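Notes for the one structure printed next.
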Amino acid sequence: AGKLVNVAVNDKTGVATVTMQRAPVNSLNLDLLNDLSTTLTQLENNKCRGMILTSFSNSVFSAGLDIMEMYRPDADRARSFWTTLQETWIKLYGTSFPTVAAINGHAPAGGCLLAMSCEYRIMLNNFTIGLNETQLGIVAPTWFIATMKNTIGFRQTELALTQGKLFTTNDAMKIGLVDELADSKEDALAKAESFLSKFARIPPMARILTKQSVRGKDIQDLIQNQERDLNVFMDTITNDQVQKSLQMYVEALKKKKA
Ligand code: CO8
């Protein structure tokens with residue numbers, strides 16, 4: 001992989017634990033996305049049996065997209081940033097191996113997207129998760145929305161997205177955004193292994209084709225509209241009003257500390 005992602009493979013089960021490790025909050029910049037994307041390709045090539053996605057941090061799973069990639073951006077870098085995000089999602093959403101997110105901290109926006117792109121979510125108590133884009137003055141991309149609809153349904157998605165709602169672990173559990181609770185990271189990892197072990201008894205080809213059949217349409221939608229989606233992103237982040245919102249958001253994040 002790369003230095004921002006650690007991959008540990010369990011020799012007995014063939015399950016890979018993929019740990020994002022970009023301090024302090026795993027915000028998804030171009031480098032972390034590149035490492036995630038490369039990792040997914042490597043796991044695919046090495047016939048991985050299952051993947052657990054988690055974080056090095058004990059308070060943040062991922063803070064979502066790195067706002068600094070969108071704030072006063074360099075156009076070329078912003079284009080490759082967004083293209084890499086699209087490609088990472090296309091790979092993660094469509095992996096041939098089963099995937100679980102062990103959400104051991106907050107998972108706003110892009111962090112929630114990563115978690116929802118896995119097939120199963122186990123979350124520790126007292127954290128938050130959701131697509132809060134509208135709170136930042138931006139509209140969640142169509143494929144973020146599709147991923148959420150596929151996870152919690154149309155009604156809950158509409159309610160959550162229009163408010164930019166971040167759910168507590170318990171509330172996320174109630175609406176099915178999270179499948180299982182865990183008391184600690186160790187507990188979450190054990191529960192993830194247990195979920196993945198169910199597939200030992202399922203014919204792999206039937207499992208893979210079923211997953212493709214369930215998720216394929218939304219992946220194809222993005223592949224067919226990749227350029228248009230990139231242009232929407234570029235138009236959004238070069239909009240003055242959006243830049244003002246991002247500036248206020250960046251300042252609020254910094255002020256929180258003082
Ligand atoms: N990007 C860049 N830097 C960040 C981000 C981020 N997303 N989140 C936090 N940081 C920085 C903080 O500014 C702070 O920096 P510094 O140390 O220089 O002051 C440092 O990371 C640590 O942050 P906190 O002190 O806030 O850490 P906490 O542990 O107290 O809180 C949280 C962690 C809860 C994750 C909190 O940092 C937070 O809420 N972050 C913002 C999360 C967020 O709203 N992300 C949205 C990103 S947008 C996105 O993912 C989708 C955009 C889609 C674009 C579509 C366009 C068309």
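By order in the structure tokens, chains are A, B, ...; within a chain, residues start at 1; ligands start at 1, following the order shown.
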Closest contacts (chain A/ligand 1, max 9 Å, only C-alpha atoms and all ligand atoms) as a tab-separated table:
residue	atom	partner	partner_atom_place_in_ligand_line	distance
A:Ala23	CA	ligand 1	21 (O)	8.1
A:Pro24	CA	ligand 1	22 (C)	5.8
A:Val25	CA	ligand 1	21 (O)	5.7
A:Asn26	CA	ligand 1	5 (C)	8.1
A:Ser27	CA	ligand 1	6 (C)	5.1
A:Leu28	CA	ligand 1	7 (N)	7.4
A:Asn29	CA	ligand 1	1 (N)	8.1
A:Ser59	CA	ligand 1	29 (O)	6.1
A:Val60	CA	ligand 1	35 (C)	5.7
A:Phe61	CA	ligand 1	35 (C)	8.0
A:Ser62	CA	ligand 1	35 (C)	6.6
A:Ala63	CA	ligand 1	35 (C)	4.0
A:Gly64	CA	ligand 1	50 (O)	3.7
A:Leu65	CA	ligand 1	50 (O)	3.6
A:Asp66	CA	ligand 1	1 (N)	3.4
A:Ile67	CA	ligand 1	1 (N)	3.9
A:Met68	CA	ligand 1	2 (C)	5.4
A:Glu69	CA	ligand 1	1 (N)	7.9
A:Met70	CA	ligand 1	54 (C)	8.0
A:Trp82	CA	ligand 1	54 (C)	8.9
A:Gly105	CA	ligand 1	35 (C)	8.4
A:His106	CA	ligand 1	34 (C)	5.7
A:Ala107	CA	ligand 1	35 (C)	6.9
A:Pro108	CA	ligand 1	42 (C)	5.4
A:Ala109	CA	ligand 1	50 (O)	4.1
A:Gly110	CA	ligand 1	50 (O)	3.7
A:Gly111	CA	ligand 1	50 (O)	6.7
A:Cys112	CA	ligand 1	50 (O)	8.3
A:Leu113	CA	ligand 1	50 (O)	8.1
A:Phe127	CA	ligand 1	34 (C)	8.5
A:Thr128	CA	ligand 1	34 (C)	7.7
A:Leu131	CA	ligand 1	51 (C)	7.6
A:Asn132	CA	ligand 1	44 (O)	6.3
A:Glu133	CA	ligand 1	51 (C)	5.9
A:Gln135	CA	ligand 1	44 (O)	8.0
A:Leu136	CA	ligand 1	44 (O)	7.0
A:Ile138	CA	ligand 1	56 (C)	5.8
A:Val139	CA	ligand 1	57 (C)	5.8
A:Ala140	CA	ligand 1	55 (C)	5.3
A:Pro141	CA	ligand 1	55 (C)	5.6
A:Phe144	CA	ligand 1	53 (C)	8.4
A:Asp229	CA	ligand 1	57 (C)	8.2
A:Leu230	CA	ligand 1	57 (C)	8.5
A:Val232	CA	ligand 1	57 (C)	6.1
A:Phe233	CA	ligand 1	57 (C)	4.1
A:Met234	CA	ligand 1	57 (C)	7.5
A:Asp235	CA	ligand 1	57 (C)	7.9
A:Thr236	CA	ligand 1	57 (C)	5.3
A:Ile237	CA	ligand 1	56 (C)	6.6
A:Tyr249	CA	ligand 1	44 (O)	8.1
A:Val250	CA	ligand 1	13 (O)	6.2
A:Glu251	CA	ligand 1	13 (O)	7.9
A:Ala252	CA	ligand 1	13 (O)	8.2
A:Leu253	CA	ligand 1	13 (O)	4.7
A:Lys254	CA	ligand 1	19 (O)	4.4
A:Lys255	CA	ligand 1	19 (O)	7.6
A:Lys256	CA	ligand 1	25 (O)	6.8
A:Lys257	CA	ligand 1	25 (O)	6.0
A:Ala258	CA	ligand 1	19 (O)	8.8
As number ranges by chain, which residues of stretch 42-254 of chain A does DSSP assign to alpha helix (DSSP H)? A: 42-45, 75-93, 110-117, 142-152, 154-163, 169-174, 185-197, 204-224, 226-237, 240-254
Env of A:Gly94: 8 Å cut, atoms = only C-alpha atoms, seq-sep filter 6 positions within chain, self excluded. Answer as an NGL selection string. :A and (211-212 or 215-216 or 219)
Taking into account only C-alpha atoms, which residue in the set A:Met51, A:Met20, A:Leu159, A:Leu40 is nearest to A:Glu193? A:Met51
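Closest approach to A:Arg121 among A:Lys91, A:Lys191, A:Arg79, A:Lys165: A:Lys191, based on only C-alpha atoms.
Put simply, atom CA of A:Tyr120 is 17.0 Å away from atom CA of A:Ser184.
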Using DSSP on the backbone coordinates, identify the residues of stretch 15-182 of chain A assigned to strand (DSSP E or B); present them as a ChimeraX atom specification. /A:15-20,28,50-55,60,65,99-103,106-108,120-124,128-130,167-168,180-182
Writing out the chosen residues with N, CA and C atoms as a tab-separated table (two decimals), in the first residue's frame:
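Okay, this is what ended up in out_15.tsv:
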chain	number	residue	atom	x	y	z
A	15	VAL	N	-8.28	-12.64	6.01
A	15	VAL	CA	-8.93	-11.32	6.13
A	15	VAL	C	-7.87	-10.23	6.30
A	16	ALA	N	-8.01	-9.15	5.53
A	16	ALA	CA	-7.08	-8.03	5.61
A	16	ALA	C	-7.69	-6.91	6.45
A	17	THR	N	-6.95	-6.46	7.45
A	17	THR	CA	-7.38	-5.28	8.20
A	17	THR	C	-6.63	-4.08	7.64
A	18	VAL	N	-7.40	-3.16	7.10
A	18	VAL	CA	-6.85	-1.98	6.44
A	18	VAL	C	-7.05	-0.79	7.39
A	19	THR	N	-5.96	-0.26	7.89
A	19	THR	CA	-6.04	0.82	8.87
A	19	THR	C	-5.58	2.14	8.25
A	20	MET	N	-6.51	3.10	8.20
A	20	MET	CA	-6.13	4.43	7.71
A	20	MET	C	-5.32	5.10	8.81
A	28	LEU	N	-9.36	12.89	4.08
A	28	LEU	CA	-9.02	12.23	2.83
A	28	LEU	C	-8.42	13.24	1.87
A	50	GLY	N	-11.51	-11.09	2.59
A	50	GLY	CA	-12.41	-10.15	3.25
A	50	GLY	C	-11.59	-8.99	3.76
A	51	MET	N	-12.24	-7.84	3.92
A	51	MET	CA	-11.50	-6.66	4.37
A	51	MET	C	-12.24	-5.97	5.51
A	52	ILE	N	-11.47	-5.54	6.50
A	52	ILE	CA	-12.00	-4.70	7.58
A	52	ILE	C	-11.34	-3.34	7.43
A	53	LEU	N	-12.16	-2.31	7.31
A	53	LEU	CA	-11.62	-0.94	7.18
A	53	LEU	C	-11.76	-0.24	8.53
A	54	THR	N	-10.65	0.29	9.05
A	54	THR	CA	-10.70	0.94	10.35
A	54	THR	C	-9.68	2.08	10.41
A	55	SER	N	-9.57	2.69	11.60
A	55	SER	CA	-8.71	3.86	11.76
A	55	SER	C	-7.69	3.65	12.87
A	60	VAL	N	-11.45	9.30	15.79
A	60	VAL	CA	-11.94	9.65	14.46
A	60	VAL	C	-11.69	8.49	13.48
A	65	LEU	N	-13.54	14.32	3.47
A	65	LEU	CA	-12.59	14.90	2.53
A	65	LEU	C	-11.76	15.97	3.22
A	99	THR	N	-16.68	-6.76	2.64
A	99	THR	CA	-16.04	-5.65	3.35
A	99	THR	C	-16.87	-5.24	4.58
A	100	VAL	N	-16.16	-4.86	5.63
A	100	VAL	CA	-16.80	-4.38	6.86
A	100	VAL	C	-16.08	-3.11	7.30
A	101	ALA	N	-16.83	-2.14	7.77
A	101	ALA	CA	-16.22	-0.97	8.40
A	101	ALA	C	-16.29	-1.14	9.90
A	102	ALA	N	-15.15	-1.09	10.56
A	102	ALA	CA	-15.09	-1.06	12.02
A	102	ALA	C	-14.90	0.41	12.37
A	103	ILE	N	-16.02	1.08	12.67
A	103	ILE	CA	-16.02	2.53	12.80
A	103	ILE	C	-15.68	2.91	14.24
A	106	HIS	N	-15.47	9.17	14.96
A	106	HIS	CA	-16.40	9.96	14.15
A	106	HIS	C	-16.22	9.66	12.66
A	107	ALA	N	-17.34	9.70	11.95
A	107	ALA	CA	-17.31	9.42	10.50
A	107	ALA	C	-18.21	10.40	9.75
A	108	PRO	N	-17.85	11.70	9.72
A	108	PRO	CA	-18.66	12.65	8.96
A	108	PRO	C	-18.34	12.57	7.46
A	120	TYR	N	-21.03	-3.90	5.59
A	120	TYR	CA	-21.52	-4.06	6.96
A	120	TYR	C	-20.79	-3.05	7.83
A	121	ARG	N	-21.49	-2.50	8.82
A	121	ARG	CA	-20.90	-1.47	9.67
A	121	ARG	C	-21.04	-1.82	11.15
A	122	ILE	N	-19.93	-1.75	11.85
A	122	ILE	CA	-19.90	-1.98	13.30
A	122	ILE	C	-19.29	-0.71	13.90
A	123	MET	N	-20.01	-0.11	14.87
A	123	MET	CA	-19.56	1.20	15.35
A	123	MET	C	-19.45	1.25	16.87
A	124	LEU	N	-18.44	1.93	17.34
A	124	LEU	CA	-18.27	2.15	18.78
A	124	LEU	C	-19.21	3.25	19.26
A	128	THR	N	-20.14	10.11	16.06
A	128	THR	CA	-21.16	10.57	15.12
A	128	THR	C	-20.82	10.14	13.70
A	129	ILE	N	-21.89	9.98	12.91
A	129	ILE	CA	-21.74	9.55	11.52
A	129	ILE	C	-22.86	10.17	10.68
A	130	GLY	N	-22.55	10.54	9.46
A	130	GLY	CA	-23.58	11.06	8.57
A	130	GLY	C	-22.99	11.87	7.44
A	167	PHE	N	-25.57	11.63	12.90
A	167	PHE	CA	-26.26	10.76	13.87
A	167	PHE	C	-25.29	10.30	14.94
A	168	THR	N	-25.78	10.19	16.16
A	168	THR	CA	-24.98	9.52	17.19
A	168	THR	C	-24.98	8.03	16.85
A	180	GLU	N	-24.27	-2.97	13.81
A	180	GLU	CA	-23.94	-3.59	15.09
A	180	GLU	C	-23.15	-2.61	15.93
A	181	LEU	N	-23.28	-2.71	17.25
A	181	LEU	CA	-22.51	-1.86	18.15
A	181	LEU	C	-21.34	-2.65	18.73
A	182	ALA	N	-20.30	-1.92	19.12
A	182	ALA	CA	-19.16	-2.57	19.77
A	182	ALA	C	-18.69	-1.71	20.93
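What separates atom CA of A:Asp35 from atom CA of A:Thr84 is a distance of 10.0 Å.
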Nearest to A:Leu32: which of A:Cys48, A:Leu85, A:Ile90, A:Leu209 is it, counting only C-alpha atoms? A:Leu85
